[in-house]
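Asker: Here it is, the structure, as structure tokens.
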Amino acid sequence: MVSQSELVKEARENGMELLPLDKDTYELFFGPQHMATENFSIILKMDGHRVVKAIANPGFLHRGFEKLAEFRPWYTNIALLLRICVPEPDVPEAIYSMAVDELMGWEVPERAQWIRTVVLEMARVSSYLFWTMGLGFKLGVYTAGQWAAAYRERLMALFEELTGARVYHIYTIPGGVRRDIPSDKWLRQLKDTVEYIKDKLKDFDNVLFENYITHRRMEGIGVMDKKFALDEGVTGPNLRATGVAADVRKLDPYLFYPELDFEIPVLKEGDALARALVRRFELEQDLYILEQLLEMGPPSGAYKVQDPRLKALPRFKVPAGEAYAHVEATMGDFGAYVVSDGGSKPYRVQIRGPSIAHGIRVLEQLLVGARIADVPVILMSLGNCPPDIDR
Amino acid sequence: MIMGMKIKVAPEEEVKKRPSFIKPWMSLKYLFKKPVTIKIPYEPTQIAENYRGFHTLNWKTCIGCNMCGQICPARAIEMTWIEGEKRPHPKVDYGRCTFCQFCVDVCPTNALGFVSNYMLTTVWKDEELELFDWVPLPEEKVKKFTDYRHPLAKIEKLEDGKVRYVLRDGETVEFKILGYGLKPPKLQQKKEEKKA
Amino acid sequence: MAKEEVIVQKVLEKAPYAEGKVKRERRIEFKVPADRIREFLMIMKENNFESMMQITVVDWLKDGEFELVYQLWSYTYAVHAFVKTRIPRDLDKARMPTVKDIYPVAETYERDAHDFYGVYFEGNEKMEMPWILDDAEQGLFPHRKDFDWLGYTKRKYKILDRFDEDKDNYVI
């Protein structure tokens, strides 16, 4: 048995103050086991139930992906890098593939682009449902959370049919995608699913987004303004909730997005509620985009680049140079910077996850003055995903 | 804000929602509806036909080129020399495998394949863990098990490097493992003798 | 003239010490000497590059240099700018002035670069604060190209895997 005084001594040696700091202030370790933080820890200095100071403490999910990617052949990295983003693993796949495509100078066939767009949009829908689940659980509206999880299951089944795996799809590869669309039946199933989820959106509104409790809990907490958001590198829905009309799909269009018609939601409040409502509207728009894509139908042609260099995959070489590709993920602007020295392995890969901006400095500043019960809500409204920070 | 570009922005009133006391109660109607979940284990789950599960290997067409070993991101594949076979065959370690199936994609003779069996579970027995480090068997031997479990019941280790794979329906496959690696084991021995 | 070329010209007029070019549509690149990076980023911020996306460190072992790529994104022009600079990669010489007063978010990126590459950003008071790595790994700078990762793995986990010895093409 370790005595209390020894524990305190050890804590002191490691720079931790477990004792009350003074008469009113004490230190609270929020995470990494706390469900709301998703393996991410925040050290909170509390005065009563108000946060005085917050220090984000990442690193519990560090797996060294960027270093590991330097030891693996170009193709194989797909099976590695997608693990950076758990709710939507198609995003790291897509950005890495797009960057390699640019380095190779490949013109990806139209059919592959169409499939990539569909996969990205499906990933967005499933990620938003996942987020709705989290928000529901954190606000205590468990009904909405369980619905979202159940409806997401339909998309998982579709992904399983298309890619052969449920969560980590390993599907988008440089030069196209790995498999063709299984059948017309799959397209019909996707259409049914889109309609099904669209139907259920009204229920989510009733229970979660138009709920009086949600509004009371989220209104006016975690407020940020436009200048602060731009300075702190905030992207995605969080930026749109502060009144900036910005979306990578519109500003730096990729794949099929220039041909699609969709609206982006912009609110001026910049509080947790605005961020939630922006996400709610985007979910609806994503379903609308999927409908448009299905109406368009998959273009005919190959689903992969026809290149003789692809025959010897392990020794596949990429010309020297560097490329940056980014897409609009549900959490924000996800980017990949890939450097090649002409070898059979990447020289440097850096993945820019949106949470590295949202989860450290922004979170630390938004939490000041918040109540302890609002901490999970602010975290969830930022859409913080710790694996992006740790990589 | 954006120069020379028009971004379609949704009207604010469409994005905003009004709080309501009554609407949350509307969800009570679901009390009288069927659940959407599947009752495991009383109901079976449906796995997609092309689900990436365990490997199969056609021993006749495998040329032992080690392409699968080179592409494997987790280094799960090791070439195994088997008595009576001219070329080595891959041995897959499911303790490492990430089920990305890049090995199947690169196989030049399409000898490697996969089935949708995926269950990687044991019942508290150490020897069962050994099942998940095997030289994949031909497709017809693996495909007859449709309950998504691993086809092997046990691996018996006999004398002088012989192993016997016992399938769950009693069928057995026996072969002798000479060694591992890219080069034939006899050559390796000679080299060691020379060094000594 | 394309908008990218206009932006490059506009910036280069104010910063004659830099080199700039258009990489492709919506991607521009600048090369700046390391001692003038603060000055240059201030000009970039005035020219509507509102957001900093990331700071990438590329370790060019052969040249003995680190390449620091400050990646900026302009919501006004929808253009991504790479601002590149080179500094020596020796531990005592790999020092840069911080840019956190220009782009506050750079503080996080600088901590990241310091933890993994050992680039010290002067003026960033959070430089010594623990970031992702554990105490035991502090100061090893594992993302450098000359980091002995195989030796480190053996020391730390005490596993001699069959893949360590007889393969020349390592993958951990």
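All residue names refer to the structure tokens as shown: chains lettered A, B, ... in order, residues numbered from 1 in each chain, ligands numbered from 1 in order.
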Would you kindly report the residues of chain C within 10 Å of chain A, using only C-alpha atoms, as a ChimeraX atom specification?
Answerer: /C:23,25-27,45,49-60,69,71-80,82,100-109,112,116,130-135,142-145,149,169-172
Asker: As a compact mmCIF listing (two decimals) with N, CA and C atoms, in the first residue's frame, please: the residues near Tyr257 (chain A) (cut-off 10 Å, only C-alpha atoms, same-chain neighbours under 3 positions excluded).
Answerer:
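Generated output (around-v2.txt):
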```
# COMPACT_ATOMS: atom_id res chain seq x y z
N TRP A 114 -16.45 10.08 -59.02
CA TRP A 114 -17.83 10.02 -58.56
C TRP A 114 -17.93 9.14 -57.32
N THR A 117 -16.51 10.87 -54.32
CA THR A 117 -17.42 11.89 -53.78
C THR A 117 -18.53 11.24 -52.96
N VAL A 248 -14.38 24.47 -47.84
CA VAL A 248 -13.36 24.03 -48.80
C VAL A 248 -14.02 23.50 -50.07
N ARG A 249 -15.20 22.92 -49.90
CA ARG A 249 -15.88 22.37 -51.08
C ARG A 249 -16.26 23.46 -52.07
N LYS A 250 -16.42 24.69 -51.56
CA LYS A 250 -16.74 25.81 -52.45
C LYS A 250 -15.49 26.58 -52.85
N ASP A 252 -12.08 25.68 -52.60
CA ASP A 252 -11.04 24.92 -53.29
C ASP A 252 -11.67 23.65 -53.80
N PRO A 253 -12.55 23.74 -54.81
CA PRO A 253 -13.39 22.60 -55.17
C PRO A 253 -12.57 21.41 -55.64
N TYR A 254 -13.01 20.24 -55.25
CA TYR A 254 -12.33 19.02 -55.63
C TYR A 254 -13.39 18.02 -56.07
N LEU A 260 -22.11 20.23 -58.13
CA LEU A 260 -23.22 19.98 -57.22
C LEU A 260 -23.77 21.30 -56.70
N ASP A 261 -25.03 21.26 -56.36
CA ASP A 261 -25.71 22.46 -55.89
C ASP A 261 -26.05 22.26 -54.42
N PHE A 262 -25.40 23.03 -53.57
CA PHE A 262 -25.73 22.93 -52.15
C PHE A 262 -25.47 24.27 -51.48
N ILE A 289 -26.98 16.36 -51.19
CA ILE A 289 -25.89 16.14 -52.15
C ILE A 289 -25.89 14.69 -52.62
N LEU A 293 -26.15 13.26 -56.40
CA LEU A 293 -25.15 12.37 -57.00
C LEU A 293 -25.81 11.11 -57.55
```
Asker: Set out as a tab-separated table a contact list for chain B and chain A with a cut-off of 6 Å, giving each residue of chain B that qualifies its closest atom pair and distance in Å to one decimal, counting only C-alpha atoms, ordered by chain and rising residue number.
Answerer:
```
residue	atom	partner	partner_atom	distance
B:Lys8	CA	A:Glu263	CA	5.0
B:Val9	CA	A:Ile264	CA	4.9
B:Ala10	CA	A:Pro265	CA	5.0
B:Val15	CA	A:Phe281	CA	5.9
B:Lys17	CA	A:Glu210	CA	5.8
B:Arg18	CA	A:Glu210	CA	5.7
B:Pro19	CA	A:Tyr212	CA	4.6
B:Ser20	CA	A:Tyr212	CA	5.0
B:Phe21	CA	A:Tyr212	CA	5.6
B:Lys23	CA	A:Asn206	CA	5.0
B:Pro24	CA	A:Val207	CA	4.3
B:Ala48	CA	A:Glu161	CA	5.2
B:Asn50	CA	A:Gly164	CA	5.5
B:Tyr51	CA	A:Gly164	CA	4.1
B:Arg52	CA	A:Gly164	CA	5.1
B:Ile71	CA	A:Pro314	CA	5.3
B:Pro73	CA	A:Thr76	CA	5.5
```
Asker: When you look at Gln306 (chain A) with a cut-off of 10 Å (counting only C-alpha atoms), what residues show up, excluding the ones that are within fewer than 2 positions of it in the same chain? I need them as a ChimeraX atom specification.
Answerer: /A:106,108-109,175-176,302-304,308-311
Asker: Contacts of region 4-18 of chain C at 7 Å or less, counting only C-alpha atoms, minus same-chain residues fewer than 5 places along, as a PyMOL selection string?
Answerer: chain C and resi 26+28+30-32+40
Asker: With C-alpha atoms retained, could you export that selection as a compact mmCIF listing (two decimals), in the first residue's frame?
Answerer:
```txt
# COMPACT_ATOMS: atom_id res chain seq x y z
CA ARG C 26 -4.81 28.09 -55.87
CA ILE C 28 1.51 29.64 -54.37
CA PHE C 30 7.48 31.66 -51.38
CA LYS C 31 11.05 31.13 -50.31
CA VAL C 32 12.17 33.44 -47.55
CA PHE C 40 7.27 38.31 -44.26
```
Asker: Quick check for you: according to DSSP on this backbone, which residues of region 39-134 of chain C are classed as alpha helix (DSSP H)? Reply as a list in words.
Answerer: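 Residues of region 39-134 of chain C classed as alpha helix (DSSP H): Glu39, Phe40, Leu41, Met42, Ile43, Met44, Lys45, Glu46, Ala106, Glu107, Thr108, Tyr109, Glu110, Arg111, Asp112, Ala113, His114, Asp115, Phe116 and Tyr117 of chain C.
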